[in-house]
$ cat entry-v6.pdb   # PDB, C-alpha atoms
ATOM      1  CA  ILE A   1      28.902  11.930  27.914
ATOM      2  CA  VAL A   2      31.130   9.497  29.852
ATOM      3  CA  LEU A   3      31.717   7.355  26.748
ATOM      4  CA  PHE A   4      32.487  10.434  24.672
ATOM      5  CA  SER A   5      34.988  11.627  27.313
ATOM      6  CA  ILE A   6      36.671   8.208  27.305
ATOM      7  CA  LEU A   7      36.846   8.373  23.506
ATOM      8  CA  ILE A   8      38.568  11.763  23.645
ATOM      9  CA  LEU A   9      41.126  10.530  26.191
ATOM     10  CA  TYR A  10      41.767   7.456  24.054
ATOM     11  CA  ASN A  11      42.237   9.635  20.982
ATOM     12  CA  ARG A  12      44.723  11.849  22.789
ATOM     13  CA  ALA A  13      46.715   8.822  23.872
ATOM     14  CA  LEU A  14      46.882   7.592  20.289
ATOM     15  CA  GLU A  15      47.794  11.022  18.963
ATOM     16  CA  ASN A  16      50.736  11.206  21.383
ATOM     17  CA  ARG A  17      52.133   8.012  19.897
ATOM     18  CA  LYS A  18      54.175   8.326  16.744
ATOM     19  CA  ASP A  19      52.349   5.448  15.106
ATOM     20  CA  GLY A  20      48.958   6.292  16.622
ATOM     21  CA  ASP A  21      45.869   6.485  14.472
ATOM     22  CA  PRO A  22      43.084   8.175  16.481
ATOM     23  CA  VAL A  23      39.480   7.130  16.065
ATOM     24  CA  LEU A  24      38.320  10.755  16.137
ATOM     25  CA  PRO A  25      41.096  13.380  16.053
ATOM     26  CA  VAL A  26      40.443  15.932  18.771
ATOM     27  CA  ARG A  27      41.672  18.706  16.500
ATOM     28  CA  LEU A  28      38.557  18.234  14.381
ATOM     29  CA  LEU A  29      36.433  19.170  17.383
ATOM     30  CA  THR A  30      38.135  22.572  17.522
ATOM     31  CA  GLN A  31      36.809  23.502  14.074
ATOM     32  CA  PRO A  32      33.499  25.429  14.279
ATOM     33  CA  GLN A  33      32.301  24.199  10.889
ATOM     34  CA  TYR A  34      32.814  20.573  11.843
ATOM     35  CA  LEU A  35      31.126  21.003  15.230
ATOM     36  CA  LEU A  36      28.100  22.657  13.642
ATOM     37  CA  THR A  37      27.986  19.902  11.032
ATOM     38  CA  LEU A  38      27.987  17.304  13.814
ATOM     39  CA  PHE A  39      25.021  19.053  15.427
ATOM     40  CA  VAL A  40      23.106  19.001  12.143
ATOM     41  CA  GLY A  41      24.055  15.330  11.838
ATOM     42  CA  ALA A  42      22.494  14.623  15.237
ATOM     43  CA  LEU A  43      19.354  16.446  14.129
ATOM     44  CA  SER A  44      19.240  14.404  10.920
ATOM     45  CA  GLY A  45      19.431  11.221  13.002
ATOM     46  CA  ALA A  46      16.528  12.448  15.125
ATOM     47  CA  LEU A  47      14.474  13.069  11.993
ATOM     48  CA  LEU A  48      15.369   9.651  10.635
ATOM     49  CA  ALA A  49      14.173   8.058  13.885
ATOM     50  CA  GLY A  50      10.728   9.550  13.274
ATOM     51  CA  MET A  51      10.308   7.164  10.344
ATOM     52  CA  VAL A  52      10.153   4.248  12.789
ATOM     53  CA  PHE A  53       6.724   5.385  13.984
ATOM     54  CA  ILE A  54       5.155   5.768  10.535
ATOM     55  CA  PRO A  55       3.695   2.202  10.425
ATOM     56  CA  ALA A  56       2.215   2.615  13.912
ATOM     57  CA  PHE A  57       0.703   5.959  12.873
ATOM     58  CA  SER A  58      -0.879   4.429   9.787
ATOM     59  CA  GLU A  59      -2.344   1.635  11.892
ATOM     60  CA  GLN A  60      -3.568   3.529  14.965
ATOM     61  CA  VAL A  61      -4.667   6.776  13.317
ATOM     62  CA  LEU A  62      -5.589   5.867   9.743
ATOM     63  CA  GLY A  63      -7.004   2.454  10.642
ATOM     64  CA  ILE A  64      -4.782   0.456   8.281
ATOM     65  CA  PRO A  65      -4.548  -3.233   9.302
ATOM     66  CA  ALA A  66      -1.384  -4.100  11.213
ATOM     67  CA  GLU A  67      -0.239  -6.646   8.614
ATOM     68  CA  TYR A  68      -0.246  -3.947   5.914
ATOM     69  CA  SER A  69       0.955  -0.925   7.923
ATOM     70  CA  GLY A  70       4.621  -1.524   7.110
ATOM     71  CA  TYR A  71       3.943  -1.215   3.385
ATOM     72  CA  TRP A  72       2.847   2.378   3.910
ATOM     73  CA  MET A  73       6.451   3.381   4.572
ATOM     74  CA  THR A  74       7.141   2.727   0.883
ATOM     75  CA  PRO A  75       6.243   6.253  -0.374
ATOM     76  CA  LEU A  76       8.525   7.850   2.205
ATOM     77  CA  ALA A  77      11.375   5.423   1.451
ATOM     78  CA  LEU A  78      11.122   5.946  -2.310
ATOM     79  CA  ALA A  79      10.981   9.718  -1.868
ATOM     80  CA  SER A  80      14.100   9.540   0.323
ATOM     81  CA  GLY A  81      15.981   7.817  -2.489
ATOM     82  CA  VAL A  82      14.896  10.491  -4.936
ATOM     83  CA  GLY A  83      15.855  13.175  -2.408
ATOM     84  CA  ALA A  84      19.351  11.731  -1.993
ATOM     85  CA  ALA A  85      19.931  11.939  -5.759
ATOM     86  CA  LEU A  86      18.518  15.471  -5.952
ATOM     87  CA  GLY A  87      20.607  16.483  -2.936
ATOM     88  CA  GLY A  88      23.808  15.439  -4.662
ATOM     89  CA  ALA A  89      22.904  17.385  -7.797
ATOM     90  CA  LEU A  90      21.912  20.422  -5.742
ATOM     91  CA  VAL A  91      25.206  20.367  -3.836
ATOM     92  CA  ASP A  92      27.110  20.502  -7.127
ATOM     93  CA  LYS A  93      25.061  23.411  -8.444
ATOM     94  CA  ARG A  94      24.244  25.498  -5.348
ATOM     95  CA  GLY A  95      26.535  24.254  -2.599
ATOM     96  CA  PRO A  96      25.933  22.323   0.628
ATOM     97  CA  ILE A  97      24.585  25.219   2.729
ATOM     98  CA  LEU A  98      21.613  25.942   0.492
ATOM     99  CA  THR A  99      21.004  22.207   0.192
ATOM    100  CA  VAL A 100      20.832  21.800   3.979
ATOM    101  CA  PHE A 101      18.541  24.840   4.218
ATOM    102  CA  LEU A 102      16.123  23.518   1.596
ATOM    103  CA  SER A 103      16.151  20.028   3.102
ATOM    104  CA  GLY A 104      15.134  21.391   6.495
ATOM    105  CA  LEU A 105      12.386  23.477   4.897
ATOM    106  CA  ILE A 106      10.971  20.602   2.851
ATOM    107  CA  THR A 107      11.117  18.200   5.812
ATOM    108  CA  ALA A 108       9.375  20.718   8.069
ATOM    109  CA  ILE A 109       6.546  21.145   5.544
ATOM    110  CA  GLY A 110       6.159  17.395   5.137
ATOM    111  CA  PHE A 111       5.983  16.600   8.848
ATOM    112  CA  LEU A 112       3.755  19.615   9.536
ATOM    113  CA  LEU A 113       1.136  18.137   7.206
ATOM    114  CA  PHE A 114       0.843  15.009   9.379
ATOM    115  CA  PRO A 115      -0.920  16.670  12.357
ATOM    116  CA  THR A 116      -2.612  19.496  10.433
ATOM    117  CA  TRP A 117      -3.837  18.057   7.137
ATOM    118  CA  ILE A 118      -4.005  14.258   6.999
ATOM    119  CA  ASP A 119      -7.525  12.844   7.109
ATOM    120  CA  ASP A 120      -7.278  10.213   4.388
ATOM    121  CA  LYS A 121      -4.773   7.789   2.955
ATOM    122  CA  TRP A 122      -3.973   9.806  -0.176
ATOM    123  CA  GLN A 123      -3.088  12.787   2.004
ATOM    124  CA  PHE A 124      -0.810  10.503   4.009
ATOM    125  CA  VAL A 125       0.992   9.439   0.832
ATOM    126  CA  ILE A 126       1.578  13.052  -0.267
ATOM    127  CA  SER A 127       2.823  14.124   3.170
ATOM    128  CA  SER A 128       5.121  11.094   3.395
ATOM    129  CA  CYS A 129       6.631  11.854  -0.007
ATOM    130  CA  ILE A 130       7.358  15.473   0.942
ATOM    131  CA  ALA A 131       8.918  14.517   4.287
ATOM    132  CA  GLY A 132      10.904  11.683   2.692
ATOM    133  CA  LEU A 133      12.182  13.974  -0.060
ATOM    134  CA  GLY A 134      13.505  16.458   2.506
ATOM    135  CA  MET A 135      15.167  13.784   4.634
ATOM    136  CA  GLY A 136      16.748  12.177   1.575
ATOM    137  CA  VAL A 137      18.348  15.482   0.616
ATOM    138  CA  LEU A 138      19.688  15.996   4.156
ATOM    139  CA  LEU A 139      21.035  12.472   4.664
ATOM    140  CA  GLY A 140      22.942  12.459   1.400
ATOM    141  CA  ALA A 141      25.869  14.529   0.194
ATOM    142  CA  PRO A 142      25.645  17.956   1.924
ATOM    143  CA  LEU A 143      26.685  16.901   5.435
ATOM    144  CA  ASN A 144      29.534  14.746   4.147
ATOM    145  CA  ILE A 145      30.794  17.686   2.107
ATOM    146  CA  LEU A 146      30.614  20.057   5.073
ATOM    147  CA  ALA A 147      32.345  17.541   7.359
ATOM    148  CA  THR A 148      35.318  16.954   5.052
ATOM    149  CA  GLU A 149      35.637  20.341   3.368
ATOM    150  CA  ARG A 150      39.128  21.868   3.483
ATOM    151  CA  LEU A 151      40.548  18.816   5.246
ATOM    152  CA  GLU A 152      43.853  17.585   3.882
ATOM    153  CA  LYS A 153      43.674  14.364   5.916
ATOM    154  CA  ASP A 154      41.345  12.511   8.306
ATOM    155  CA  LYS A 155      38.467  12.804   5.840
ATOM    156  CA  GLY A 156      37.335   9.245   6.488
ATOM    157  CA  THR A 157      37.548   9.821  10.231
ATOM    158  CA  ALA A 158      35.494  13.010   9.916
ATOM    159  CA  VAL A 159      32.732  11.132   8.077
ATOM    160  CA  ALA A 160      32.897   8.374  10.694
ATOM    161  CA  GLY A 161      32.415  10.960  13.444
ATOM    162  CA  LEU A 162      29.403  12.326  11.573
ATOM    163  CA  SER A 163      27.918   8.833  11.335
ATOM    164  CA  LEU A 164      28.515   8.307  15.044
ATOM    165  CA  ILE A 165      26.736  11.494  16.055
ATOM    166  CA  ARG A 166      23.864  10.669  13.691
ATOM    167  CA  GLN A 167      23.460   7.315  15.441
ATOM    168  CA  ILE A 168      23.375   9.107  18.781
ATOM    169  CA  GLY A 169      20.527  11.281  17.490
ATOM    170  CA  MET A 170      18.705   8.190  16.271
ATOM    171  CA  THR A 171      19.112   6.614  19.709
ATOM    172  CA  ILE A 172      17.910   9.551  21.815
ATOM    173  CA  ALA A 173      15.013  10.789  19.673
ATOM    174  CA  PRO A 174      12.750   7.672  19.903
ATOM    175  CA  THR A 175      12.654   8.058  23.681
ATOM    176  CA  ILE A 176      11.249  11.560  23.268
ATOM    177  CA  TYR A 177       8.822  10.485  20.570
ATOM    178  CA  ALA A 178       7.559   7.520  22.599
ATOM    179  CA  GLY A 179       6.890   9.866  25.510
ATOM    180  CA  PHE A 180       4.452  11.885  23.397
ATOM    181  CA  ILE A 181       2.666   8.726  22.229
ATOM    182  CA  ALA A 182       2.386   7.363  25.770
ATOM    183  CA  ARG A 183       1.031  10.697  26.980
ATOM    184  CA  GLY A 184      -1.620  10.594  24.274
ATOM    185  CA  PHE A 185      -2.827   7.105  25.211
ATOM    186  CA  ASN A 186      -2.881   8.096  28.887
ATOM    187  CA  LYS A 187      -5.705  10.479  27.972
ATOM    188  CA  ILE A 188      -8.040   7.588  27.092
ATOM    189  CA  PRO A 189      -9.806   7.429  30.504
ATOM    190  CA  THR A 190     -10.445  11.172  30.383
ATOM    191  CA  LEU A 191     -11.704  10.966  26.805
ATOM    192  CA  PHE A 192     -14.165   8.237  27.779
ATOM    193  CA  GLU A 193     -15.606  10.542  30.424
ATOM    194  CA  THR A 194     -15.737  13.697  28.305
ATOM    195  CA  ASP A 195     -16.115  12.688  24.633
ATOM    196  CA  PHE A 196     -17.458   9.143  24.578
ATOM    197  CA  PRO A 197     -21.113   9.978  25.412
ATOM    198  CA  ASP A 198     -21.362  12.483  22.540
ATOM    199  CA  ILE A 199     -19.603  10.147  20.083
ATOM    200  CA  LEU A 200     -21.845   7.236  21.061
ATOM    201  CA  LYS A 201     -24.971   9.371  20.767
ATOM    202  CA  ARG A 202     -23.963  10.564  17.296
ATOM    203  CA  ASN A 203     -23.235   7.039  16.097
ATOM    204  CA  ILE A 204     -26.534   5.750  17.465
ATOM    205  CA  GLU A 205     -28.404   8.482  15.606
ATOM    206  CA  ASN A 206     -26.674   7.499  12.366
ATOM    207  CA  ALA A 207     -27.358   3.774  12.878
ATOM    208  CA  ASP A 208     -30.654   2.039  12.194
ATOM    209  CA  LEU A 209     -31.053   0.186  15.489
ATOM    210  CA  SER A 210     -33.984  -2.092  16.200
ATOM    211  CA  PRO A 211     -36.275  -1.532  19.232
ATOM    212  CA  GLU A 212     -34.641  -4.526  20.911
ATOM    213  CA  ALA A 213     -31.200  -2.960  20.458
ATOM    214  CA  LEU A 214     -32.399   0.351  21.894
ATOM    215  CA  GLN A 215     -33.876  -1.464  24.864
ATOM    216  CA  GLU A 216     -30.600  -3.304  25.435
ATOM    217  CA  LEU A 217     -28.775   0.023  25.179
ATOM    218  CA  GLN A 218     -30.970   1.479  27.908
ATOM    219  CA  MET A 219     -30.132  -1.468  30.136
ATOM    220  CA  ILE A 220     -26.417  -0.938  29.505
ATOM    221  CA  ALA A 221     -26.710   2.780  30.243
ATOM    222  CA  SER A 222     -28.561   2.017  33.464
ATOM    223  CA  SER A 223     -25.840  -0.386  34.587
ATOM    224  CA  MET A 224     -23.124   2.136  33.756
ATOM    225  CA  GLU A 225     -24.823   4.790  35.890
ATOM    226  CA  HIS A 226     -24.477   2.546  38.936
ATOM    227  CA  THR A 227     -20.815   1.775  38.230
ATOM    228  CA  ASN A 228     -18.290   3.109  40.742
ATOM    229  CA  ARG A 229     -16.573   6.015  39.005
ATOM    230  CA  SER A 230     -13.338   5.458  40.908
ATOM    231  CA  ILE A 231     -13.054   1.974  39.404
ATOM    232  CA  GLY A 232     -14.073   2.947  35.881
ATOM    233  CA  VAL A 233     -16.202   1.288  33.241
ATOM    234  CA  ASN A 234     -15.137  -2.074  31.824
ATOM    235  CA  TYR A 235     -16.016  -1.493  28.176
ATOM    236  CA  GLU A 236     -14.523  -4.796  27.051
ATOM    237  CA  GLY A 237     -16.809  -6.651  29.445
ATOM    238  CA  ILE A 238     -19.806  -4.671  28.207
ATOM    239  CA  LEU A 239     -18.991  -5.510  24.589
ATOM    240  CA  GLU A 240     -18.819  -9.213  25.403
ATOM    241  CA  ARG A 241     -22.296  -9.147  26.955
ATOM    242  CA  ILE A 242     -24.022  -7.302  24.096
ATOM    243  CA  GLN A 243     -26.382  -9.566  22.145
ATOM    244  CA  ASP A 244     -27.478  -7.302  19.271
ATOM    245  CA  PRO A 245     -24.821  -7.237  16.476
ATOM    246  CA  ALA A 246     -25.741  -3.742  15.251
ATOM    247  CA  LEU A 247     -25.519  -2.265  18.757
ATOM    248  CA  LYS A 248     -22.222  -4.028  19.343
ATOM    249  CA  GLU A 249     -20.826  -2.568  16.128
ATOM    250  CA  VAL A 250     -21.935   0.938  17.135
ATOM    251  CA  ILE A 251     -20.237   0.709  20.522
ATOM    252  CA  GLU A 252     -17.081  -0.828  19.023
ATOM    253  CA  THR A 253     -16.923   2.014  16.498
ATOM    254  CA  SER A 254     -17.312   4.577  19.268
ATOM    255  CA  VAL A 255     -14.565   2.986  21.353
ATOM    256  CA  ASN A 256     -12.265   2.881  18.318
ATOM    257  CA  GLN A 257     -12.872   6.571  17.699
ATOM    258  CA  ILE A 258     -11.805   7.360  21.257
ATOM    259  CA  THR A 259      -8.634   5.307  20.813
ATOM    260  CA  GLN A 260      -7.950   7.006  17.508
ATOM    261  CA  THR A 261      -8.386  10.439  19.103
ATOM    262  CA  ALA A 262      -5.892   9.548  21.839
ATOM    263  CA  ALA A 263      -3.422   8.198  19.274
ATOM    264  CA  GLN A 264      -3.793  11.300  17.127
ATOM    265  CA  SER A 265      -2.999  13.483  20.144
ATOM    266  CA  GLY A 266       0.185  11.535  20.866
ATOM    267  CA  TYR A 267       1.413  11.473  17.275
ATOM    268  CA  ASN A 268       0.677  15.183  16.909
ATOM    269  CA  GLY A 269       3.260  15.849  19.607
ATOM    270  CA  LEU A 270       5.729  13.588  17.811
ATOM    271  CA  PHE A 271       5.339  15.286  14.446
ATOM    272  CA  TYR A 272       5.380  18.795  15.885
ATOM    273  CA  THR A 273       8.694  17.838  17.485
ATOM    274  CA  THR A 274      10.081  16.797  14.103
ATOM    275  CA  VAL A 275       8.946  20.154  12.715
ATOM    276  CA  VAL A 276      10.922  21.913  15.464
ATOM    277  CA  ILE A 277      13.959  19.754  14.683
ATOM    278  CA  SER A 278      13.630  20.631  10.996
ATOM    279  CA  ALA A 279      13.462  24.311  11.946
ATOM    280  CA  LEU A 280      16.701  23.860  13.891
ATOM    281  CA  VAL A 281      18.279  22.423  10.743
ATOM    282  CA  ILE A 282      17.263  25.591   8.890
ATOM    283  CA  ILE A 283      18.731  27.785  11.648
ATOM    284  CA  MET A 284      21.977  25.800  11.654
ATOM    285  CA  ALA A 285      22.254  26.220   7.879
ATOM    286  CA  ILE A 286      21.975  29.991   8.326
ATOM    287  CA  ILE A 287      24.651  29.913  11.041
ATOM    288  CA  LEU A 288      26.922  27.676   8.976
ATOM    289  CA  LYS A 289      26.993  30.026   5.988
ATOM    290  CA  PRO A 290      29.232  32.767   7.481
ATOM    291  CA  VAL A 291      31.369  30.154   9.266
ATOM    292  CA  ARG A 292      31.989  28.329   5.992
ATOM    293  CA  ASN A 293      32.673  31.575   4.122
ATOM    294  CA  LYS A 294      35.257  32.527   6.749
ATOM    295  CA  ASN A 295      36.967  29.152   6.451
ATOM    296  CA  MET A 296      37.115  29.479   2.689
ATOM    297  CA  LYS A 297      38.647  32.967   2.932
ATOM    298  CA  ASN A 298      41.236  31.759   5.422
ATOM    299  CA  SER A 299      42.162  28.797   3.237
ATOM    300  CA  LYS A 300      42.627  31.069   0.216
ATOM    301  CA  ALA A 301      44.747  33.508   2.249
ATOM    302  CA  THR A 302      46.994  30.693   3.484
ATOM    303  CA  PRO A 303      49.871  30.134   0.999
TER
END
$ encode --input "entry-v6.pdb" --output "structure tokens"
Amino acid sequence: IVLFSILILYNRALENRKDGDPVLPVRLLTQPQYLLTLFVGALSGALLAGMVFIPAFSEQVLGIPAEYSGYWMTPLALASGVGAALGGALVDKRGPILTVFLSGLITAIGFLLFPTWIDDKWQFVISSCIAGLGMGVLLGAPLNILATERLEKDKGTAVAGLSLIRQIGMTIAPTIYAGFIARGFNKIPTLFETDFPDILKRNIENADLSPEALQELQMIASSMEHTNRSIGVNYEGILERIQDPALKEVIETSVNQITQTAAQSGYNGLFYTTVVISALVIIMAIILKPVRNKNMKNSKATP
């Protein structure tokens, strides 16, 4: 806010000079259509920031190895390129308002599939393509058209202001998203107390453990019962002491499932937030329609 206030004062000083060339003309900020477009631009930056967490999601929730997780952004990136091309064509045929509306709708559907539908990698690819298609449409032509429409000058400055506000959205949103992820991983101690026994029991039933492994498991369970609950159980230390490979694999799998559950909880909050942001884009498109129509009528009435 302080930096933005300084920018406005600097612009006014330049505007008062005969040879001044303001960075962001203050008169643009008095136009409702431009202000609403800036708000949609900030929302688009927030949606774009959600892409940063896609590799971490693929690694921590889908179990993709860390060295390959970055490659799984490819479907979303390719779909964004296709969306940008489709967005330009749609602006020419149906106008920027409908394009912004459809982009918010498509993006909301794509991100909603992440917490509600994805259980396998192919589902992840489909959801990523839908979300990327919607974001590509939004980040392309429609916002630039809305920002510069009916401007006789300062078109480049208007687009620069839109880029600035988009960067602000990209800067603020990751802080919010990271908060959801951190909150999810903070649930791990509670999940070990509530869900881990049932998960471990189910995995043991599905595994073909030897009598020696079952005996070792009983010894581990006995030692855990005498552990001070206020200190917690050192599962890493227990894993290091396990001798039977099959038992060790069962416990490692159970621990990984707890971690995955915590990660899923955190990323669910992140993706539900992007759905809300996409819904705001839809609402802003509805609000922009009468504002734009009014501007067009006024421009036609002006000789």
$ atom_distance --input "entry-v6.pdb" --atom1 "CA of Ile238 in chain A" --atom2 "CA of Tyr267 in chain A"
28.8 Å
$ closest_atom_pairs --input "entry-v6.pdb" --of "range 77-102 of chain A" --to "range 129-145 of chain A" --cutoff "7 Å" --atoms "all atoms listed in the file" --output "tab-separated table"
residue	atom	partner	partner_atom	distance
A:Ala77	CA	A:Gly132	CA	6.4
A:Ala79	CA	A:Leu133	CA	4.8
A:Ser80	CA	A:Gly136	CA	3.9
A:Gly81	CA	A:Gly136	CA	6.0
A:Val82	CA	A:Leu133	CA	6.6
A:Gly83	CA	A:Gly136	CA	4.2
A:Ala84	CA	A:Gly136	CA	4.4
A:Leu86	CA	A:Val137	CA	6.6
A:Gly87	CA	A:Val137	CA	4.3
A:Gly88	CA	A:Ala141	CA	5.4
A:Val91	CA	A:Pro142	CA	6.3
A:Pro96	CA	A:Pro142	CA	4.6
A:Thr99	CA	A:Pro142	CA	6.5
A:Val100	CA	A:Leu138	CA	5.9
$ residues_around --input "entry-v6.pdb" --residues "Pro55 in chain A" --least-positions-apart "5" --cutoff "9 Å" --atoms "all atoms listed in the file" --output "MDAnalysis selection string"
chainID A and resid 60 64 66 68:73
$ atom_distance --input "entry-v6.pdb" --atom1 "CA of Ile106 in chain A" --atom2 "CA of Ala263 in chain A"
25.1 Å
$ closest_atom_pairs --input "entry-v6.pdb" --of "range 130-185 of chain A" --to "range 189-210 of chain A" --cutoff "12 Å" --atoms "all atoms listed in the file" --output "tab-separated table"
residue	atom	partner	partner_atom	distance
A:Arg183	CA	A:Pro189	CA	11.9
A:Gly184	CA	A:Leu191	CA	10.4
A:Phe185	CA	A:Pro189	CA	8.8
$ resolve_selection --input "entry-v6.pdb" --expression "the PyMOL selection byres ((chain A and resi 276) around 12)" --output "list of chain:residue names"
A:Leu43, A:Ala46, A:Leu47, A:Gly104, A:Leu105, A:Thr107, A:Ala108, A:Ile109, A:Phe111, A:Leu112, A:Gly269, A:Leu270, A:Phe271, A:Tyr272, A:Thr273, A:Thr274, A:Val275, A:Ile277, A:Ser278, A:Ala279, A:Leu280, A:Val281, A:Ile282, A:Ile283
$ atom_distance --input "entry-v6.pdb" --atom1 "CA of Pro211 in chain A" --atom2 "CA of Gln243 in chain A"
13.1 Å
$ resolve_selection --input "entry-v6.pdb" --expression "the PyMOL selection byres ((chain A and resi 24-41) around 9)" --output "ChimeraX atom specification"
/A:7-8,11-12,15,21-23,42-46,100,138-139,143-144,146-149,154,157-158,160-167,169,280-281,284-285,287-288,291-292,295
$ resolve_selection --input "entry-v6.pdb" --expression "the PyMOL selection byres ((chain A and resi 121) around 10)" --output "list in words"
Ser58, Leu62, Gly63, Ile64, Trp72, Ile118, Asp119, Asp120, Trp122, Gln123, Phe124, Val125, Ile126 and Ser127 of chain A
